[in-house]
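> What follows is entry-v1.pdb, made up of PDB, C-alpha atoms and all ligand atoms:
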```
ATOM      1  CA  MET A   1      24.932  34.210 -37.230  1.00  0.00           C
ATOM      2  CA  LEU A   2      22.865  35.561 -34.381  1.00  0.00           C
ATOM      3  CA  GLU A   3      23.413  33.679 -31.135  1.00  0.00           C
ATOM      4  CA  TYR A   4      21.504  33.638 -27.893  1.00  0.00           C
ATOM      5  CA  ALA A   5      22.832  35.448 -24.864  1.00  0.00           C
ATOM      6  CA  GLU A   6      25.361  33.307 -22.984  1.00  0.00           C
ATOM      7  CA  PRO A   7      23.030  32.310 -20.082  1.00  0.00           C
ATOM      8  CA  ILE A   8      20.410  31.077 -22.585  1.00  0.00           C
ATOM      9  CA  THR A   9      22.990  29.076 -24.529  1.00  0.00           C
ATOM     10  CA  LYS A  10      24.216  27.599 -21.256  1.00  0.00           C
ATOM     11  CA  LEU A  11      20.671  26.574 -20.277  1.00  0.00           C
ATOM     12  CA  ILE A  12      20.033  25.006 -23.699  1.00  0.00           C
ATOM     13  CA  ASP A  13      23.326  23.105 -23.475  1.00  0.00           C
ATOM     14  CA  GLU A  14      22.411  21.756 -20.016  1.00  0.00           C
ATOM     15  CA  LEU A  15      18.907  20.738 -21.122  1.00  0.00           C
ATOM     16  CA  LYS A  16      20.376  18.886 -24.131  1.00  0.00           C
ATOM     17  CA  ARG A  17      22.214  16.650 -21.662  1.00  0.00           C
ATOM     18  CA  LEU A  18      18.861  15.211 -20.498  1.00  0.00           C
ATOM     19  CA  PRO A  19      17.752  11.908 -22.065  1.00  0.00           C
ATOM     20  CA  SER A  20      15.622  12.205 -25.223  1.00  0.00           C
ATOM     21  CA  ILE A  21      16.160  15.993 -25.407  1.00  0.00           C
ATOM     22  CA  GLY A  22      17.595  17.223 -28.691  1.00  0.00           C
ATOM     23  CA  HIS A  23      18.542  20.802 -29.609  1.00  0.00           C
ATOM     24  CA  LYS A  24      15.011  21.882 -30.638  1.00  0.00           C
ATOM     25  CA  SER A  25      13.407  20.414 -27.514  1.00  0.00           C
ATOM     26  CA  ALA A  26      16.088  22.068 -25.369  1.00  0.00           C
ATOM     27  CA  GLN A  27      15.344  25.433 -27.016  1.00  0.00           C
ATOM     28  CA  ARG A  28      11.601  24.953 -26.479  1.00  0.00           C
ATOM     29  CA  LEU A  29      12.157  24.073 -22.802  1.00  0.00           C
ATOM     30  CA  ALA A  30      14.540  27.010 -22.303  1.00  0.00           C
ATOM     31  CA  PHE A  31      11.984  29.479 -23.654  1.00  0.00           C
ATOM     32  CA  HIS A  32       9.253  27.856 -21.582  1.00  0.00           C
ATOM     33  CA  ILE A  33      11.447  28.262 -18.489  1.00  0.00           C
ATOM     34  CA  MET A  34      12.087  31.935 -19.317  1.00  0.00           C
ATOM     35  CA  ARG A  35       8.324  32.570 -19.562  1.00  0.00           C
ATOM     36  CA  THR A  36       7.528  30.658 -16.347  1.00  0.00           C
ATOM     37  CA  PRO A  37       6.910  32.689 -13.153  1.00  0.00           C
ATOM     38  CA  ASP A  38       9.667  32.437 -10.528  1.00  0.00           C
ATOM     39  CA  SER A  39       7.318  30.746  -8.017  1.00  0.00           C
ATOM     40  CA  GLU A  40       6.669  27.861 -10.434  1.00  0.00           C
ATOM     41  CA  LEU A  41      10.357  27.491 -11.183  1.00  0.00           C
ATOM     42  CA  GLU A  42      11.143  27.405  -7.467  1.00  0.00           C
ATOM     43  CA  ARG A  43       8.704  24.490  -7.053  1.00  0.00           C
ATOM     44  CA  LEU A  44      10.460  22.632  -9.888  1.00  0.00           C
ATOM     45  CA  ILE A  45      13.913  23.347  -8.435  1.00  0.00           C
ATOM     46  CA  THR A  46      12.755  22.270  -4.957  1.00  0.00           C
ATOM     47  CA  ALA A  47      11.288  19.027  -6.371  1.00  0.00           C
ATOM     48  CA  ILE A  48      14.576  18.231  -8.160  1.00  0.00           C
ATOM     49  CA  LEU A  49      16.671  18.982  -5.069  1.00  0.00           C
ATOM     50  CA  GLU A  50      14.332  16.984  -2.811  1.00  0.00           C
ATOM     51  CA  VAL A  51      14.637  13.929  -5.067  1.00  0.00           C
ATOM     52  CA  LYS A  52      18.416  14.246  -5.051  1.00  0.00           C
ATOM     53  CA  GLN A  53      18.568  14.679  -1.265  1.00  0.00           C
ATOM     54  CA  ARG A  54      15.906  12.254  -0.036  1.00  0.00           C
ATOM     55  CA  ILE A  55      15.703   9.378  -2.519  1.00  0.00           C
ATOM     56  CA  VAL A  56      18.004   6.401  -1.956  1.00  0.00           C
ATOM     57  CA  PHE A  57      18.179   2.801  -3.143  1.00  0.00           C
ATOM     58  CA  CYS A  58      16.386   0.360  -0.829  1.00  0.00           C
ATOM     59  CA  SER A  59      19.154  -1.849   0.592  1.00  0.00           C
ATOM     60  CA  ILE A  60      17.008  -4.958   0.085  1.00  0.00           C
ATOM     61  CA  CYS A  61      15.417  -4.544  -3.368  1.00  0.00           C
ATOM     62  CA  ASN A  62      17.140  -1.452  -4.909  1.00  0.00           C
ATOM     63  CA  ASN A  63      13.823   0.311  -5.387  1.00  0.00           C
ATOM     64  CA  LEU A  64      13.992   4.106  -5.188  1.00  0.00           C
ATOM     65  CA  THR A  65      12.669   5.110  -1.776  1.00  0.00           C
ATOM     66  CA  ASP A  66      12.520   7.880   0.795  1.00  0.00           C
ATOM     67  CA  ILE A  67      12.459   5.383   3.685  1.00  0.00           C
ATOM     68  CA  GLU A  68      14.813   2.468   4.373  1.00  0.00           C
ATOM     69  CA  PRO A  69      13.837  -0.271   3.713  1.00  0.00           C
ATOM     70  CA  CYS A  70      11.184   0.698   1.167  1.00  0.00           C
ATOM     71  CA  ARG A  71       7.472   0.348   1.969  1.00  0.00           C
ATOM     72  CA  ILE A  72       7.188  -2.881  -0.055  1.00  0.00           C
ATOM     73  CA  CYS A  73      10.138  -4.593   1.677  1.00  0.00           C
ATOM     74  CA  ALA A  74       8.889  -3.377   5.073  1.00  0.00           C
ATOM     75  CA  SER A  75       5.344  -4.638   4.451  1.00  0.00           C
ATOM     76  CA  THR A  76       4.228  -7.588   6.579  1.00  0.00           C
ATOM     77  CA  SER A  77       1.221  -8.268   4.338  1.00  0.00           C
ATOM     78  CA  ARG A  78       3.312  -9.155   1.250  1.00  0.00           C
ATOM     79  CA  ASP A  79       4.722 -12.563   0.359  1.00  0.00           C
ATOM     80  CA  HIS A  80       8.489 -12.160   0.798  1.00  0.00           C
ATOM     81  CA  SER A  81       9.146 -15.633  -0.650  1.00  0.00           C
ATOM     82  CA  VAL A  82       8.119 -14.521  -4.157  1.00  0.00           C
ATOM     83  CA  ILE A  83      10.477 -12.036  -5.844  1.00  0.00           C
ATOM     84  CA  CYS A  84       9.609 -10.292  -9.109  1.00  0.00           C
ATOM     85  CA  VAL A  85      12.833  -9.129 -10.806  1.00  0.00           C
ATOM     86  CA  VAL A  86      12.339  -5.966 -12.875  1.00  0.00           C
ATOM     87  CA  GLU A  87      14.667  -3.821 -14.958  1.00  0.00           C
ATOM     88  CA  GLU A  88      13.709  -0.366 -13.724  1.00  0.00           C
ATOM     89  CA  PRO A  89      11.667   1.268 -10.942  1.00  0.00           C
ATOM     90  CA  HIS A  90       8.981   2.252 -13.479  1.00  0.00           C
ATOM     91  CA  SER A  91       8.518  -1.462 -14.279  1.00  0.00           C
ATOM     92  CA  LEU A  92       7.818  -2.066 -10.577  1.00  0.00           C
ATOM     93  CA  VAL A  93       5.239   0.737 -10.601  1.00  0.00           C
ATOM     94  CA  ALA A  94       3.578  -0.815 -13.681  1.00  0.00           C
ATOM     95  CA  VAL A  95       3.286  -4.214 -11.941  1.00  0.00           C
ATOM     96  CA  GLU A  96       2.002  -2.556  -8.757  1.00  0.00           C
ATOM     97  CA  LYS A  97      -0.721  -0.787 -10.736  1.00  0.00           C
ATOM     98  CA  THR A  98      -2.156  -4.168 -11.706  1.00  0.00           C
ATOM     99  CA  ARG A  99      -2.790  -4.805  -7.955  1.00  0.00           C
ATOM    100  CA  SER A 100      -2.455  -8.532  -8.655  1.00  0.00           C
ATOM    101  CA  PHE A 101       1.102  -9.175  -7.409  1.00  0.00           C
ATOM    102  CA  LYS A 102       1.513  -9.542  -3.651  1.00  0.00           C
ATOM    103  CA  GLY A 103       5.157 -10.591  -3.562  1.00  0.00           C
ATOM    104  CA  VAL A 104       8.232  -8.372  -3.367  1.00  0.00           C
ATOM    105  CA  TYR A 105      10.617  -7.022  -6.011  1.00  0.00           C
ATOM    106  CA  HIS A 106      14.233  -6.772  -7.022  1.00  0.00           C
ATOM    107  CA  VAL A 107      15.158  -3.821  -9.257  1.00  0.00           C
ATOM    108  CA  LEU A 108      18.206  -4.359 -11.507  1.00  0.00           C
ATOM    109  CA  HIS A 109      18.441  -0.754 -12.777  1.00  0.00           C
ATOM    110  CA  GLY A 110      19.166  -1.924 -16.302  1.00  0.00           C
ATOM    111  CA  SER A 111      19.385  -5.008 -18.456  1.00  0.00           C
ATOM    112  CA  LEU A 112      22.216  -6.980 -19.972  1.00  0.00           C
ATOM    113  CA  SER A 113      23.431  -5.297 -23.147  1.00  0.00           C
ATOM    114  CA  PRO A 114      26.784  -6.388 -24.597  1.00  0.00           C
ATOM    115  CA  ILE A 115      26.493  -3.628 -27.249  1.00  0.00           C
ATOM    116  CA  ARG A 116      26.324  -0.970 -24.531  1.00  0.00           C
ATOM    117  CA  HIS A 117      28.932  -2.817 -22.416  1.00  0.00           C
ATOM    118  CA  ILE A 118      26.399  -3.589 -19.687  1.00  0.00           C
ATOM    119  CA  GLY A 119      27.237  -6.924 -18.116  1.00  0.00           C
ATOM    120  CA  PRO A 120      26.190  -8.568 -14.841  1.00  0.00           C
ATOM    121  CA  ASN A 121      28.619  -6.349 -12.889  1.00  0.00           C
ATOM    122  CA  GLU A 122      26.796  -3.198 -14.005  1.00  0.00           C
ATOM    123  CA  LEU A 123      23.437  -4.464 -12.708  1.00  0.00           C
ATOM    124  CA  HIS A 124      22.288  -4.416  -9.062  1.00  0.00           C
ATOM    125  CA  LEU A 125      22.593  -8.177  -8.605  1.00  0.00           C
ATOM    126  CA  ALA A 126      24.806  -8.519  -5.518  1.00  0.00           C
ATOM    127  CA  ASN A 127      21.957  -8.199  -3.032  1.00  0.00           C
ATOM    128  CA  LEU A 128      19.667 -10.492  -5.060  1.00  0.00           C
ATOM    129  CA  LEU A 129      21.637 -13.716  -4.572  1.00  0.00           C
ATOM    130  CA  PRO A 130      21.283 -13.839  -0.752  1.00  0.00           C
ATOM    131  CA  ARG A 131      17.532 -13.329  -1.204  1.00  0.00           C
ATOM    132  CA  LEU A 132      17.354 -16.469  -3.380  1.00  0.00           C
ATOM    133  CA  LYS A 133      18.645 -18.833  -0.685  1.00  0.00           C
ATOM    134  CA  PRO A 134      16.237 -21.744  -0.158  1.00  0.00           C
ATOM    135  CA  GLU A 135      15.574 -20.787   3.467  1.00  0.00           C
ATOM    136  CA  ASN A 136      14.268 -17.419   2.258  1.00  0.00           C
ATOM    137  CA  ASN A 137      11.903 -18.885  -0.309  1.00  0.00           C
ATOM    138  CA  ARG A 138       9.107 -21.365  -0.696  1.00  0.00           C
ATOM    139  CA  PRO A 139       9.994 -24.696  -2.334  1.00  0.00           C
ATOM    140  CA  PRO A 140       9.759 -24.439  -6.159  1.00  0.00           C
ATOM    141  CA  ALA A 141       6.696 -26.697  -6.272  1.00  0.00           C
ATOM    142  CA  GLN A 142       4.818 -24.195  -4.131  1.00  0.00           C
ATOM    143  CA  ALA A 143       6.196 -21.209  -6.029  1.00  0.00           C
ATOM    144  CA  ALA A 144       4.353 -22.327  -9.166  1.00  0.00           C
ATOM    145  CA  ARG A 145       1.098 -22.786  -7.291  1.00  0.00           C
ATOM    146  CA  PRO A 146      -1.445 -19.966  -7.403  1.00  0.00           C
ATOM    147  CA  ALA A 147      -1.452 -17.945  -4.184  1.00  0.00           C
ATOM    148  CA  ARG A 148      -5.026 -18.831  -3.300  1.00  0.00           C
ATOM    149  CA  HIS A 149      -7.100 -21.942  -3.914  1.00  0.00           C
ATOM    150  CA  ALA A 150     -10.825 -21.720  -3.722  1.00  0.00           C
ATOM    151  CA  HIS A 151     -12.622 -24.506  -1.909  1.00  0.00           C
ATOM    152  CA  ARG A 152     -15.959 -25.894  -2.869  1.00  0.00           C
ATOM    153  CA  ASP A 153     -17.504 -24.105   0.092  1.00  0.00           C
ATOM    154  CA  GLY A 154     -16.201 -20.786  -1.257  1.00  0.00           C
ATOM    155  CA  ASP A 155     -13.519 -19.868   1.284  1.00  0.00           C
ATOM    156  CA  ALA A 156      -9.908 -19.438   0.187  1.00  0.00           C
ATOM    157  CA  ARG A 157      -6.650 -20.610   1.705  1.00  0.00           C
ATOM    158  CA  ARG A 158      -2.984 -20.450   0.816  1.00  0.00           C
TER     159      ARG A 158
HETATM  160 ZN    ZN A 201      12.787  -2.534  -0.978  1.00  0.00          ZN
END
```
In structure tokens, write the structure found in this file.

Amino acid sequence: MLEYAEPITKLIDELKRLPSIGHKSAQRLAFHIMRTPDSELERLITAILEVKQRIVFCSICNNLTDIEPCRICASTSRDHSVICVVEEPHSLVAVEKTRSFKGVYHVLHGSLSPIRHIGPNELHLANLLPRLKPENNRPPAQAARPARHAHRDGDARR
């Protein structure tokens, strides 16, 4: 059986370690990489290294960020008494795209899954509990109230 040269096999094996990448996809990516000009590959490598070097978890909400705390937690125009708990950073981005939520977030980086042995200890919950203290939040009756109420004369208030 004809095999690829050792560096190609090594690249395919590394690509197969990525999520959702099987053997055929890894081969396709490896050949794409071999055809790609060095300058393009350097941009990809730089982007990967930059993410690894600059991105950290926000100490308040666990969002992925390049500044500490993240822009959402640092914002003075957001309602810090309303916390939207999401599973992953991409869920936060999806909510943000709606432009309708003006509170803050807490990112768990996963969800409970007894089958995969993911319990509460595997989720980023420790820094959520202090954020839920009553002094940090509106009373529940207010939490259920819409953020703005229109008056008959057309102006809005909280
Ligand atoms: Zn944050």
> At most 8 Å from (15.0, 3.0, 4.5), file frame, only C-alpha atoms: which residues, as a list in words?
Val56, Cys58, Ser59, Thr65, Asp66, Ile67, Glu68, Pro69 and Cys70 of chain A
> For Arg131 in chain A, work out the shell of residues within 12 Å, counting only C-alpha atoms and skipping chain neighbours fewer than 2 positions away, then give it as a VMD selection string.
chain A and resid 59 to 61 73 80 to 85 104 to 106 125 to 129 133 to 138
> Restricting the calculation to only C-alpha atoms: of A:Val86, A:Glu96, A:Leu108, A:Arg17, which residue gets closest to Asn121 in chain A?
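Answer, going by the shortest atom-to-atom distance: A:Leu108.
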> For CA of Ile118 in chain A and CA of Asn62 in chain A, determine how far apart the two atoms are, in Å to one decimal place.
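One can read the CA of Ile118 in chain A to CA of Asn62 in chain A distance as 17.6 Å.
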> When the PyMOL selection byres (((chain A and resi 28-31) around 10) and not hetatm) is applied to the structure above, which residues does it catch, written out as number ranges by chain?
A: 8-16, 21, 23-27, 32-36
> Record the distance separating CA of Leu132 in chain A and CA of Glu87 in chain A, expressed in Å with one decimal.
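Between CA of Leu132 in chain A and CA of Glu87 in chain A the gap works out to 17.4 Å.
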